[in-house]
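Colleague: Here it is, the structure, as structure tokens.
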Amino acid sequence: MNRYEIIPGVGIIGSKNNYYIRTIDSNFKLPNNPQLIKEIRKILSDIAQGKKLTAPIYIIQYLLKIRAIRASTANQKKKLKSNIFFSSCTKLGKQLNKKHHLSQKECIHKTYIYYLNDTGRVLLSKQKMNLSPSISDIELSKQMLAYCEEFILKNLNNLEKISANQALIINVLDYSHKSEVINIMDKQCI
């Protein structure tokens, strides 16, 4: 059985016979068919809850084509543990805390996320770093935020292993998406 997951940012919007599926690429108009819209809502809800799908294949193919859903892999299904909490100094940190119901009360260290725009890397650290405000406050598109989140989830094991004096750097724009652990004192690696 194929497993799917909803791509972040996807949802049904509109009212009064004017409904669209919102994706990171565009808004796709749905036909004026209340039964079909109800069925699509149920399919998206079932996917979000991890239920077994009994949906018509043409609807699944359509949702895959417009990038509303994607095939799920073991790495993508990994959830954040409650002992991680991201600093709210970045949009992505706030988003991850809210989406995964992370609480500062249950964590030992905050994790700071920085996006290094000039190199296309995400830096994760257990201590606040003195970096340029343009690095810590950079605005990313919804697609790029979802992309960064995907690679943070894939690197959770490495994130959990870093000490307070280390940082994890993930090359999200590099085809191989390599990650490496660096010492914070060695800022030339940043």
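Starting from 1 in every chain, residues are counted up; chains themselves are A, B, ... following the order of the structure tokens, and ligands are numbered from 1 as listed.
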Write down as a short mmCIF file (atom, residue, chain, number, x, y, z; two decimals) with all heavy atoms, in the first residue's frame the residues of chain A whose backbone DSSP state falls under strand (DSSP E or B).
Modeller:
```cif
data_model
loop_
_atom_site.label_atom_id
_atom_site.label_comp_id
_atom_site.auth_asym_id
_atom_site.auth_seq_id
_atom_site.Cartn_x
_atom_site.Cartn_y
_atom_site.Cartn_z
N TYR A 4 1.06 8.31 1.66
CA TYR A 4 1.23 9.67 1.17
C TYR A 4 1.27 10.63 2.34
O TYR A 4 0.82 10.32 3.45
CB TYR A 4 0.07 10.05 0.23
CG TYR A 4 -0.05 9.13 -0.96
CD1 TYR A 4 -0.97 8.08 -0.96
CD2 TYR A 4 0.77 9.30 -2.07
CE1 TYR A 4 -1.07 7.23 -2.04
CE2 TYR A 4 0.67 8.45 -3.16
CZ TYR A 4 -0.25 7.42 -3.13
OH TYR A 4 -0.33 6.56 -4.21
N GLU A 5 1.76 11.81 2.07
CA GLU A 5 1.71 12.89 3.07
C GLU A 5 1.36 14.17 2.34
O GLU A 5 1.64 14.33 1.15
CB GLU A 5 3.03 13.02 3.82
CG GLU A 5 4.18 13.45 2.99
CD GLU A 5 5.45 13.58 3.82
OE1 GLU A 5 5.48 13.13 4.98
OE2 GLU A 5 6.40 14.14 3.29
N ILE A 6 0.72 15.07 3.07
CA ILE A 6 0.34 16.35 2.50
C ILE A 6 1.57 17.24 2.48
O ILE A 6 2.31 17.31 3.46
CB ILE A 6 -0.79 17.00 3.32
CG1 ILE A 6 -2.05 16.13 3.26
CG2 ILE A 6 -1.09 18.41 2.82
CD1 ILE A 6 -3.17 16.59 4.16
N GLY A 11 -4.17 23.22 1.15
CA GLY A 11 -5.49 23.24 1.76
C GLY A 11 -6.54 23.62 0.74
O GLY A 11 -6.23 24.08 -0.36
N ILE A 12 -7.80 23.43 1.08
CA ILE A 12 -8.91 23.82 0.21
C ILE A 12 -9.39 25.19 0.69
O ILE A 12 -9.65 25.40 1.87
CB ILE A 12 -10.04 22.78 0.25
CG1 ILE A 12 -9.54 21.47 -0.35
CG2 ILE A 12 -11.26 23.28 -0.51
CD1 ILE A 12 -10.55 20.34 -0.35
N ILE A 13 -9.51 26.12 -0.26
CA ILE A 13 -9.96 27.48 0.07
C ILE A 13 -11.13 27.84 -0.84
O ILE A 13 -11.33 27.25 -1.88
CB ILE A 13 -8.82 28.51 -0.10
CG1 ILE A 13 -8.24 28.46 -1.53
CG2 ILE A 13 -7.73 28.30 0.92
CD1 ILE A 13 -7.23 29.56 -1.82
N GLY A 14 -11.91 28.85 -0.42
CA GLY A 14 -13.02 29.36 -1.23
C GLY A 14 -14.35 29.12 -0.58
O GLY A 14 -14.45 28.58 0.52
N SER A 15 -15.41 29.55 -1.29
CA SER A 15 -16.78 29.35 -0.81
C SER A 15 -17.75 29.55 -1.97
O SER A 15 -17.38 30.05 -3.03
CB SER A 15 -17.11 30.34 0.31
OG SER A 15 -17.05 31.66 -0.19
N ASN A 18 -17.01 28.16 -5.54
CA ASN A 18 -15.75 28.69 -6.04
C ASN A 18 -14.64 28.15 -5.15
O ASN A 18 -14.10 28.88 -4.33
CB ASN A 18 -15.76 30.22 -5.99
CG ASN A 18 -15.46 30.83 -7.32
OD1 ASN A 18 -15.10 30.14 -8.26
ND2 ASN A 18 -15.62 32.13 -7.41
N TYR A 19 -14.27 26.89 -5.32
CA TYR A 19 -13.28 26.27 -4.46
C TYR A 19 -11.99 26.00 -5.21
O TYR A 19 -11.99 25.71 -6.41
CB TYR A 19 -13.82 24.96 -3.87
CG TYR A 19 -14.89 25.17 -2.85
CD1 TYR A 19 -16.23 25.14 -3.19
CD2 TYR A 19 -14.55 25.43 -1.52
CE1 TYR A 19 -17.22 25.35 -2.24
CE2 TYR A 19 -15.53 25.63 -0.57
CZ TYR A 19 -16.85 25.59 -0.93
OH TYR A 19 -17.81 25.80 0.01
N TYR A 20 -10.89 26.11 -4.47
CA TYR A 20 -9.56 25.89 -5.03
C TYR A 20 -8.76 25.02 -4.07
O TYR A 20 -9.00 25.04 -2.86
CB TYR A 20 -8.79 27.21 -5.19
CG TYR A 20 -9.42 28.17 -6.15
CD1 TYR A 20 -10.46 29.01 -5.75
CD2 TYR A 20 -8.98 28.25 -7.47
CE1 TYR A 20 -11.04 29.89 -6.64
CE2 TYR A 20 -9.56 29.13 -8.36
CZ TYR A 20 -10.59 29.95 -7.94
OH TYR A 20 -11.15 30.82 -8.82
N ILE A 21 -7.78 24.28 -4.62
CA ILE A 21 -6.78 23.64 -3.77
C ILE A 21 -5.57 24.54 -3.81
O ILE A 21 -5.04 24.84 -4.88
CB ILE A 21 -6.40 22.23 -4.28
CG1 ILE A 21 -7.57 21.27 -4.11
CG2 ILE A 21 -5.20 21.71 -3.49
CD1 ILE A 21 -7.26 19.85 -4.53
N ARG A 22 -5.16 25.01 -2.64
CA ARG A 22 -3.98 25.87 -2.52
C ARG A 22 -2.76 24.98 -2.34
O ARG A 22 -2.74 24.10 -1.48
CB ARG A 22 -4.12 26.80 -1.31
CG ARG A 22 -2.92 27.72 -1.12
CD ARG A 22 -3.00 28.47 0.20
NE ARG A 22 -2.88 27.51 1.29
CZ ARG A 22 -3.69 27.48 2.35
NH1 ARG A 22 -4.66 28.33 2.48
NH2 ARG A 22 -3.52 26.59 3.30
N ASN A 27 -2.90 28.07 -7.05
CA ASN A 27 -4.24 27.67 -6.65
C ASN A 27 -4.89 26.96 -7.83
O ASN A 27 -4.91 27.49 -8.94
CB ASN A 27 -5.09 28.88 -6.25
CG ASN A 27 -4.62 29.51 -4.96
OD1 ASN A 27 -4.04 28.84 -4.11
ND2 ASN A 27 -4.86 30.80 -4.81
N PHE A 28 -5.44 25.75 -7.61
CA PHE A 28 -6.03 24.96 -8.67
C PHE A 28 -7.54 24.90 -8.44
O PHE A 28 -7.99 24.42 -7.40
CB PHE A 28 -5.43 23.55 -8.69
CG PHE A 28 -3.96 23.56 -9.02
CD1 PHE A 28 -3.00 23.64 -8.03
CD2 PHE A 28 -3.54 23.51 -10.34
CE1 PHE A 28 -1.65 23.66 -8.34
CE2 PHE A 28 -2.19 23.53 -10.67
CZ PHE A 28 -1.25 23.60 -9.67
N LYS A 29 -8.31 25.41 -9.43
CA LYS A 29 -9.76 25.47 -9.32
C LYS A 29 -10.35 24.06 -9.31
O LYS A 29 -9.97 23.21 -10.09
CB LYS A 29 -10.35 26.27 -10.48
CG LYS A 29 -11.86 26.44 -10.37
CD LYS A 29 -12.29 27.77 -10.87
CE LYS A 29 -13.78 27.98 -10.86
NZ LYS A 29 -14.45 27.81 -9.63
N ILE A 69 0.07 16.43 -2.56
CA ILE A 69 0.55 15.32 -1.73
C ILE A 69 1.80 14.75 -2.39
O ILE A 69 2.08 15.04 -3.56
CB ILE A 69 -0.51 14.22 -1.54
CG1 ILE A 69 -0.88 13.57 -2.89
CG2 ILE A 69 -1.74 14.75 -0.83
CD1 ILE A 69 -1.78 12.36 -2.78
N ARG A 70 2.52 13.92 -1.64
CA ARG A 70 3.67 13.21 -2.18
C ARG A 70 3.76 11.86 -1.49
O ARG A 70 3.20 11.67 -0.41
CB ARG A 70 4.96 14.02 -1.99
CG ARG A 70 5.33 14.22 -0.54
CD ARG A 70 6.59 15.04 -0.39
NE ARG A 70 6.68 15.53 0.98
CZ ARG A 70 7.25 16.67 1.31
NH1 ARG A 70 7.77 17.43 0.40
NH2 ARG A 70 7.29 17.04 2.57
N ALA A 71 4.48 10.97 -2.15
CA ALA A 71 4.71 9.66 -1.55
C ALA A 71 5.53 9.85 -0.29
O ALA A 71 6.47 10.63 -0.26
CB ALA A 71 5.42 8.74 -2.53
N PHE A 85 13.01 22.14 21.12
CA PHE A 85 12.23 23.38 21.00
C PHE A 85 13.07 24.37 20.22
O PHE A 85 14.25 24.56 20.52
CB PHE A 85 11.89 23.95 22.38
CG PHE A 85 11.06 25.21 22.31
CD1 PHE A 85 9.70 25.13 22.05
CD2 PHE A 85 11.63 26.45 22.50
CE1 PHE A 85 8.93 26.27 21.98
CE2 PHE A 85 10.86 27.60 22.43
CZ PHE A 85 9.50 27.51 22.18
N PHE A 86 12.49 24.97 19.19
CA PHE A 86 13.22 25.90 18.35
C PHE A 86 13.02 27.33 18.82
O PHE A 86 11.91 27.72 19.21
CB PHE A 86 12.77 25.76 16.90
CG PHE A 86 13.14 24.43 16.31
CD1 PHE A 86 12.23 23.39 16.26
CD2 PHE A 86 14.42 24.20 15.82
CE1 PHE A 86 12.58 22.15 15.75
CE2 PHE A 86 14.78 22.97 15.30
CZ PHE A 86 13.86 21.96 15.27
N LYS A 110 17.14 25.21 23.81
CA LYS A 110 16.52 25.72 22.59
C LYS A 110 17.44 25.38 21.44
O LYS A 110 18.64 25.28 21.61
CB LYS A 110 16.40 27.25 22.63
CG LYS A 110 15.27 27.79 23.43
CD LYS A 110 15.23 29.30 23.25
CE LYS A 110 14.21 29.93 24.17
NZ LYS A 110 14.20 31.39 24.03
N THR A 111 16.87 25.19 20.27
CA THR A 111 17.66 25.00 19.07
C THR A 111 17.44 26.22 18.19
O THR A 111 16.30 26.60 17.92
CB THR A 111 17.25 23.72 18.32
OG1 THR A 111 17.44 22.61 19.20
CG2 THR A 111 18.09 23.52 17.07
N TYR A 112 18.52 26.85 17.78
CA TYR A 112 18.45 28.05 16.94
C TYR A 112 18.64 27.66 15.48
O TYR A 112 19.51 26.85 15.16
CB TYR A 112 19.52 29.06 17.37
CG TYR A 112 19.27 29.61 18.76
CD1 TYR A 112 19.75 28.94 19.88
CD2 TYR A 112 18.53 30.76 18.95
CE1 TYR A 112 19.50 29.41 21.16
CE2 TYR A 112 18.27 31.24 20.23
CZ TYR A 112 18.76 30.57 21.33
OH TYR A 112 18.50 31.04 22.59
N ILE A 113 17.80 28.23 14.61
CA ILE A 113 17.87 27.95 13.18
C ILE A 113 18.31 29.22 12.47
O ILE A 113 17.73 30.28 12.68
CB ILE A 113 16.50 27.52 12.62
CG1 ILE A 113 15.95 26.32 13.36
CG2 ILE A 113 16.59 27.26 11.12
CD1 ILE A 113 14.53 25.97 12.98
N TYR A 114 19.30 29.09 11.62
CA TYR A 114 19.74 30.21 10.79
C TYR A 114 19.80 29.74 9.35
O TYR A 114 20.26 28.63 9.09
CB TYR A 114 21.13 30.69 11.22
CG TYR A 114 21.21 31.11 12.66
CD1 TYR A 114 21.68 30.23 13.63
CD2 TYR A 114 20.78 32.36 13.07
CE1 TYR A 114 21.75 30.59 14.96
CE2 TYR A 114 20.85 32.73 14.41
CZ TYR A 114 21.32 31.85 15.34
OH TYR A 114 21.38 32.22 16.66
N TYR A 115 19.33 30.57 8.44
CA TYR A 115 19.45 30.24 7.02
C TYR A 115 20.53 31.12 6.43
O TYR A 115 20.44 32.35 6.46
CB TYR A 115 18.12 30.46 6.28
CG TYR A 115 18.23 30.07 4.82
CD1 TYR A 115 18.24 28.72 4.46
CD2 TYR A 115 18.34 31.02 3.83
CE1 TYR A 115 18.37 28.35 3.14
CE2 TYR A 115 18.47 30.65 2.50
CZ TYR A 115 18.47 29.31 2.16
OH TYR A 115 18.60 28.94 0.85
N LEU A 116 21.59 30.50 5.92
CA LEU A 116 22.71 31.24 5.34
C LEU A 116 22.43 31.42 3.85
O LEU A 116 22.67 30.54 3.04
CB LEU A 116 24.01 30.47 5.58
CG LEU A 116 24.25 30.05 7.04
CD1 LEU A 116 25.48 29.16 7.16
CD2 LEU A 116 24.37 31.26 7.95
N ARG A 121 22.52 27.19 2.99
CA ARG A 121 22.64 26.18 4.05
C ARG A 121 21.82 26.60 5.26
O ARG A 121 21.66 27.79 5.53
CB ARG A 121 24.11 26.01 4.44
CG ARG A 121 24.95 25.49 3.29
CD ARG A 121 26.35 25.16 3.69
NE ARG A 121 27.09 26.34 4.11
CZ ARG A 121 28.30 26.29 4.64
NH1 ARG A 121 28.90 25.15 4.82
NH2 ARG A 121 28.91 27.39 4.99
N VAL A 122 21.33 25.61 5.97
CA VAL A 122 20.64 25.84 7.24
C VAL A 122 21.61 25.47 8.34
O VAL A 122 22.26 24.42 8.30
CB VAL A 122 19.37 24.96 7.34
CG1 VAL A 122 18.76 25.04 8.73
CG2 VAL A 122 18.35 25.40 6.31
N LEU A 123 21.75 26.34 9.33
CA LEU A 123 22.63 26.09 10.47
C LEU A 123 21.76 25.92 11.70
O LEU A 123 20.90 26.76 11.97
CB LEU A 123 23.60 27.27 10.64
CG LEU A 123 24.65 27.09 11.72
CD1 LEU A 123 25.97 27.69 11.25
CD2 LEU A 123 24.22 27.76 13.01
N LEU A 124 21.96 24.84 12.44
CA LEU A 124 21.22 24.56 13.67
C LEU A 124 22.19 24.52 14.82
O LEU A 124 23.22 23.84 14.75
CB LEU A 124 20.51 23.21 13.56
CG LEU A 124 19.53 23.08 12.40
CD1 LEU A 124 19.18 21.64 12.15
CD2 LEU A 124 18.29 23.88 12.67
N SER A 125 21.87 25.26 15.88
CA SER A 125 22.78 25.36 17.01
C SER A 125 21.98 25.35 18.31
O SER A 125 20.85 25.82 18.36
CB SER A 125 23.58 26.66 16.89
OG SER A 125 24.29 26.92 18.07
N GLN A 166 28.68 22.89 19.40
CA GLN A 166 28.69 22.50 18.00
C GLN A 166 27.45 23.02 17.28
O GLN A 166 26.48 23.43 17.92
CB GLN A 166 28.73 20.97 17.87
CG GLN A 166 29.98 20.34 18.42
CD GLN A 166 29.92 18.83 18.38
OE1 GLN A 166 28.89 18.23 18.65
NE2 GLN A 166 31.04 18.21 18.02
N ALA A 167 27.51 22.99 15.96
CA ALA A 167 26.37 23.35 15.13
C ALA A 167 26.27 22.33 14.00
O ALA A 167 27.26 21.74 13.59
CB ALA A 167 26.54 24.75 14.57
N LEU A 168 25.05 22.12 13.55
CA LEU A 168 24.80 21.24 12.41
C LEU A 168 24.49 22.11 11.21
O LEU A 168 23.64 22.99 11.28
CB LEU A 168 23.62 20.31 12.70
CG LEU A 168 23.19 19.36 11.59
CD1 LEU A 168 24.26 18.31 11.35
CD2 LEU A 168 21.87 18.70 11.94
N ILE A 169 25.22 21.88 10.12
CA ILE A 169 24.97 22.63 8.88
C ILE A 169 24.43 21.66 7.84
O ILE A 169 25.00 20.60 7.61
CB ILE A 169 26.26 23.29 8.35
CG1 ILE A 169 26.69 24.40 9.31
CG2 ILE A 169 26.03 23.87 6.97
CD1 ILE A 169 27.91 25.16 8.84
N ILE A 170 23.28 22.02 7.24
CA ILE A 170 22.66 21.20 6.22
C ILE A 170 22.69 21.98 4.90
O ILE A 170 22.18 23.09 4.83
CB ILE A 170 21.20 20.86 6.57
CG1 ILE A 170 21.11 20.23 7.96
CG2 ILE A 170 20.58 19.96 5.51
CD1 ILE A 170 19.71 20.15 8.52
N ASN A 171 23.28 21.39 3.89
CA ASN A 171 23.33 22.02 2.56
C ASN A 171 22.04 21.70 1.82
O ASN A 171 21.95 20.70 1.13
CB ASN A 171 24.53 21.52 1.76
CG ASN A 171 25.83 21.96 2.38
OD1 ASN A 171 25.95 23.08 2.86
ND2 ASN A 171 26.82 21.09 2.39
N SER A 179 25.05 16.95 5.34
CA SER A 179 25.08 17.71 6.59
C SER A 179 26.43 17.46 7.24
O SER A 179 27.05 16.42 7.04
CB SER A 179 23.94 17.29 7.51
OG SER A 179 24.12 15.97 7.94
N GLU A 180 26.86 18.43 8.02
CA GLU A 180 28.12 18.26 8.75
C GLU A 180 28.02 18.95 10.09
O GLU A 180 27.29 19.93 10.27
CB GLU A 180 29.31 18.80 7.95
CG GLU A 180 29.24 20.29 7.67
CD GLU A 180 30.44 20.80 6.89
OE1 GLU A 180 31.58 20.55 7.30
OE2 GLU A 180 30.21 21.46 5.86
N VAL A 181 28.73 18.42 11.06
CA VAL A 181 28.79 19.01 12.39
C VAL A 181 30.08 19.82 12.46
O VAL A 181 31.15 19.35 12.08
CB VAL A 181 28.78 17.91 13.48
CG1 VAL A 181 28.96 18.52 14.86
CG2 VAL A 181 27.50 17.10 13.40
N ILE A 182 29.95 21.07 12.91
CA ILE A 182 31.12 21.93 13.06
C ILE A 182 31.21 22.43 14.49
O ILE A 182 30.22 22.42 15.22
CB ILE A 182 31.08 23.14 12.09
CG1 ILE A 182 29.89 24.05 12.42
CG2 ILE A 182 31.06 22.70 10.64
CD1 ILE A 182 30.00 25.45 11.85
N ASN A 183 32.39 22.87 14.90
CA ASN A 183 32.56 23.55 16.18
C ASN A 183 32.19 25.00 15.98
O ASN A 183 32.58 25.63 15.01
CB ASN A 183 34.00 23.43 16.68
CG ASN A 183 34.32 22.01 17.12
OD1 ASN A 183 33.48 21.35 17.70
ND2 ASN A 183 35.50 21.56 16.81
#
```
Colleague: Please run DSSP on the backbone and report, as a ChimeraX atom specification, all residues within range 1-158 of chain A that come out as alpha helix (DSSP H).
Modeller: /A:34-49,57-65,91-99,133-136,142-154,156-158
Colleague: For CA of Met185 in chain A and CA of Asn165 in chain A, determine how far apart the two atoms are, in Å to one decimal place.
Modeller: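 Straight-line distance from CA of Met185 in chain A to CA of Asn165 in chain A works out to 7.7 Å.
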Colleague: Go through A:Leu36, A:Val172, A:Met129, A:Leu145 one by one, measure the shortest atom-to-atom distance of each to Lys94 in chain A using only C-alpha atoms, and give the residue with the smallest value.
Modeller: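 Once distances to Lys94 in chain A are computed over only C-alpha atoms, the minimum belongs to A:Leu145.
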Colleague: Go through A:Leu159, A:Ile66, A:Ile60, A:His100 and flag the residue nearest Leu44 in chain A, using only C-alpha atoms for the distances.
Modeller: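 Ranked by minimum distance to Leu44 in chain A, first place goes to A:Ile60.
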Colleague: When distances are computed from only C-alpha atoms, which of A:Ser103, A:Gln95, A:Gln49, A:Asn130 shows the smallest separation from Cys148 in chain A?
Modeller: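 Among the listed residues, the smallest separation from Cys148 in chain A belongs to A:Gln95.
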Colleague: Find the distance between CA of Asn155 in chain A and CA of Lys51 in chain A and write it in Å to one decimal.
Modeller: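 If I compute the distance from CA of Asn155 in chain A to CA of Lys51 in chain A, I get 25.7 Å.
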Colleague: Kindly indicate which residue among A:Lys128, A:Leu53, A:Ile43, A:Ile84 lies nearest to Asn157 in chain A, using only C-alpha atoms for the distances.
Modeller: A:Ile84
Colleague: In terms of the shortest atom-to-atom distance over only C-alpha atoms, which of A:Ala146, A:Ile59, A:Ile184, A:Ile7 is closest to Ala164 in chain A?
Modeller: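 Of A:Ala146, A:Ile59, A:Ile184, A:Ile7, the one nearest Ala164 in chain A is A:Ile184, counting only C-alpha atoms.
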Colleague: So what do you get for CA of Asn33 in chain A versus CA of Pro56 in chain A, distance-wise?
Modeller: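 Distance reported for this atom pair: 15.7 Å.
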Colleague: Considering only C-alpha atoms, can you say which of A:Met144, A:Gly93, A:Glu149, A:Ile40 comes closest to Ile57 in chain A?
Modeller: A:Ile40
